[in-house]
Structures are given as structure tokens and as C-alpha cells.
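Written out below as C-alpha cells is the structure these notes cover.
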Amino acid sequence: MSDTEPIRPLKDVWLRPRRVFRELATHPIGATDYILAAAQGMATSVMVYRTQLSGTGTTAAQLLGSALIFGPLGGVVSMYLFAAIYGRLGKRVAGQSARNQVFHVLAYGGIPVAASLILWIFTALLVGDAAIVDTPGVEVDGFVAFVLRVQFTAYMLLALWSIVLQVMGFSETLGLTTRRAFAVWVLGQLLGLLAFLFLSILIAILFPGIVPPTPH
């Protein structure tokens with residue numbers, strides 16, 4: 001694709017992220033950003049539920065329902081949180097940062113994670129509830145175990161590519177070297193993790209019934 005051709009952000013961000021983020025820099029936050037944030041929230045929720053809540057006795061239908069209800073909301077809320085964090089970091093490190101640019105980097109840079117929802121769908125079609133719930137004490141046959149390993153590996157590769165895209169996006173929009181952009185990305189993730197831990201503790205104290213039981 002030449003630089004004179006119009007960009008197709010959802011497609012071109014995979015291989016031409018710098019140009020995509022450069023073109024999106026002047027665009028306001030739009031519906032596509034929110035859809036991508038919601039999809040990322042759903043994909044992350046499914047992964048968290050499968051790895052953290054599978055031993056609590058919750059069924060696949062309940063976990064999937066929670067992911068469909070709370071995943072999109074969590075994705076949008078976390079996107080705003082991280083946009084605020086990276087916006088502040090951008091102003092400190094680069095002296096400039098626009099909220100719409102940061103939001104675009106997080107939303108479009110997270111397209112690989114959002115695309116992992118397709119993997120979950122195909123995996124569920126192949127192996128059923130095992131794609132959502134890892135039941136302790138239940139022996140999984142070789143084919144199912146193989147499919148789950150392939151799916152998990154593919155998810156991790158997509159998550160890694162999302163990190164690469166977001167780092168390149170910050171490098172482009174903030175005018176930083178790739179190394180400094182990566183440092184900004186790591187610091188923002190750490191600050192976001194601390195914020196989520198604080199909120200989790202606060203919710204656990206104020207609303208103890210909301211927090212799911214810890215698997216034994």
C-alpha cells in the first residue's frame with residue numbers, strides 16, 4: 001500500500017500502524033473506538049474467568065454471561081482509565097498528549113486482543129464448555145487439550161502484538177523513540193494495575209458479596 005492510498009484503520013493497523021495512528025491523530029473519539037474497547041474487555045474477561053474462576057463451581061453459561069454483560073463495560077471504563085494515565089505520562093515525558101490520540105492508540109492497538117474473540121468462538125465450537133471452564137479433577141482428552149493449548153498460545157501472541165502496536169502508536173503520537181515509548185507503556189500498565197488493585201480492595205471492603213470466592 002502506498003502512502004497516497006486512503007487508510008483502512010481496522011486492516012492497516014496490523015502492518016502499517018505508524019501511518020494509521022498518524023492519520024487518526026486528528027480524528028475525534030468515535031463509535032469504532034468504543035466497540036474495540038468493549039471487544040477487548042470481553043476477550044480479557046473470558047481469559048480471566050477461565051484462568052481464575054474455573055474452580056469456583058461456576059458454569060460455563062454463567063461465566064460467559066458475566067463476560068458478555070460486564071466485559072464491554074469493563075473494557076470501556078479501563079480504556080478511559082488508561083487513556084487518563086497515558087495522557088498524564090505523555091505530557092510529562094513528551095510535553096504533549098491529546099486524549100483522542102491516546103484513546104486511538106489503546107483502542108486500535110488492541111485490535112489483536114479484540115480479534116481473539118474469534119478464537120474463543122471457534123474453540124468453543126470445537127471443544128464446548130472446556131473452552132470457557134477448566135474443571136478441576138476432570139480428565140481432558142488429547143484433542144481437547146491440544147486445541148486449548150493452541151488457542152492459549154494464539155491468544156498470547158495476539159496480546160504480544162497488541163503491545164507492539166501500542167508502543168509504536170505512542171512512539172508516533174508522542175514523538176518518542178521506541179525504547180522510551182516502551183518505557184512509557186510499561187509504567188502506564190503498572191500504574192493501571194495499582195489503580196485496579198486499589199479499586200478491587202475498596203469494592204471488597206464496601207461490597208464483599210460482589211467479589212467471587214477464591215478457588216481452593
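Naming works like this for the C-alpha cells: A, B, ... for the chains as they're shown, residue 1 at the start of each chain, ligands 1 onward in shown order.
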Would you kindly return, as an NGL selection string, each protein, DNA or RNA residue with an atom no farther than 12 Å from any atom of range 124-128 of chain A, considering only C-alpha atoms and excluding same-chain residues fewer than 2 positions away? :A and (46 or 60-61 or 64 or 117-122 or 130-134 or 140-148 or 151)
Name the residues of range 9-149 of chain A that fall into alpha helix (DSSP H) according to DSSP on the backbone, using the chain letters and numbers of this document, as a ChimeraX atom specification. /A:9-12,17-24,31-52,60-93,99-109,111-127,142-149
Name all residues at most 9 Å from Val93 in chain A (count only C-alpha atoms; drop same-chain ones fewer than 6 positions away) and give them as a PDB file with C-alpha atoms, in the first residue's frame.
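Ended up saving to out.pdb:
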ATOM      1  CA  LEU A 174       4.202  11.410  21.295  1.00  0.00           C
ATOM      2  CA  LEU A 176       9.333   9.316  21.293  1.00  0.00           C
ATOM      3  CA  ARG A 180      11.129   5.437  25.522  1.00  0.00           C
ATOM      4  CA  VAL A 184       6.008   4.764  28.984  1.00  0.00           C
TER       5      VAL A 184
END
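The residue that comes closest to Ala107 in chain A, out of A:Tyr34, A:Phe70, A:Tyr86, A:Phe152 and on the basis of only C-alpha atoms, is A:Tyr34.
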Find the spatial neighbours of Met168 in chain A, counting only C-alpha atoms, within a cut-off of 8 Å - ignore same-chain residues fewer than 4 positions away - and output them as a list in words. Pro17, Arg18, Val164, Glu172, Thr178 and Ala181 of chain A
Kindly export the residues of the current selection with all heavy atoms, as a short mmCIF file (atom, residue, chain, number, x, y, z; two decimals), in the first residue's frame.
data_model
loop_
_atom_site.label_atom_id
_atom_site.label_comp_id
_atom_site.auth_asym_id
_atom_site.auth_seq_id
_atom_site.Cartn_x
_atom_site.Cartn_y
_atom_site.Cartn_z
N PRO A 17 1.04 0.38 11.34
CA PRO A 17 0.46 1.09 12.49
C PRO A 17 0.85 2.56 12.57
O PRO A 17 0.03 3.39 12.96
CB PRO A 17 0.99 0.29 13.69
CG PRO A 17 2.23 -0.37 13.21
CD PRO A 17 1.96 -0.70 11.78
N ARG A 18 2.08 2.88 12.24
CA ARG A 18 2.52 4.27 12.38
C ARG A 18 1.70 5.20 11.50
O ARG A 18 1.29 6.28 11.92
CB ARG A 18 4.01 4.39 12.06
CG ARG A 18 4.90 3.76 13.13
CD ARG A 18 6.37 4.04 12.87
NE ARG A 18 7.22 3.45 13.88
CZ ARG A 18 7.50 4.02 15.05
NH1 ARG A 18 7.00 5.21 15.33
NH2 ARG A 18 8.29 3.42 15.92
N VAL A 164 3.06 -4.44 20.93
CA VAL A 164 3.92 -3.85 19.89
C VAL A 164 3.20 -2.68 19.21
O VAL A 164 3.79 -1.61 19.01
CB VAL A 164 4.34 -4.92 18.86
CG1 VAL A 164 5.08 -4.27 17.69
CG2 VAL A 164 5.21 -5.97 19.52
N GLU A 172 4.78 7.15 17.78
CA GLU A 172 4.37 8.03 16.69
C GLU A 172 3.65 9.27 17.19
O GLU A 172 3.96 10.39 16.77
CB GLU A 172 3.46 7.26 15.72
CG GLU A 172 2.98 8.07 14.54
CD GLU A 172 4.10 8.47 13.61
OE1 GLU A 172 5.06 7.68 13.46
OE2 GLU A 172 4.02 9.57 13.02
N THR A 178 11.34 4.36 20.17
CA THR A 178 10.63 3.13 20.51
C THR A 178 10.95 2.69 21.94
O THR A 178 10.07 2.23 22.67
CB THR A 178 11.00 2.01 19.53
OG1 THR A 178 10.67 2.42 18.20
CG2 THR A 178 10.24 0.73 19.86
N ALA A 181 9.08 4.93 24.32
CA ALA A 181 7.65 4.63 24.23
C ALA A 181 7.33 3.34 24.97
O ALA A 181 6.29 3.24 25.63
CB ALA A 181 7.24 4.52 22.76
#
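Put simply, CA of Ala83 in chain A is 9.1 Å away from CA of Val105 in chain A.
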Excluding Phe21 in chain A and any residue of its chain fewer than 3 positions from it, enumerate the residues within 10 Å of it, using only C-alpha atoms, and give them as a list in words. Pro9, Val13, Arg16, Pro17, Arg18, Leu24, Ala25, Thr26, His27, Gln101, Val102, His104, Val105, Tyr108, Gly109, Leu165, Gln166, Met168, Gly169, Phe170, Ser171, Glu172 and Thr173 of chain A
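Coordinates place CA of Leu73 in chain A at a distance of 23.5 Å from CA of Trp161 in chain A.
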Work out how far CA of Ala37 in chain A is from CA of Gly110 in chain A, in Å to one decimal. 7.9 Å
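Take the candidates A:Ala94, A:Val113, A:Leu106, A:Leu63 and check each one against Thr177 in chain A using only C-alpha atoms; the shortest distance goes to A:Ala94.
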Rank nothing, just name the residue among A:Ile201, A:Val20, A:Ala114, A:Leu187 nearest to Ala159 in chain A, using only C-alpha atoms. A:Ala114
Excluding Val186 in chain A and its own-chain neighbours fewer than 6 positions away, which residues fall within 10 Å of it when counting only C-alpha atoms? Please give them as a ChimeraX atom specification. /A:163,167,180,192
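Checking A:Ser162, A:Gln40, A:Gln52, A:Thr153 one by one against Val76 in chain A, counting only C-alpha atoms, you find the shortest gap at A:Gln40.
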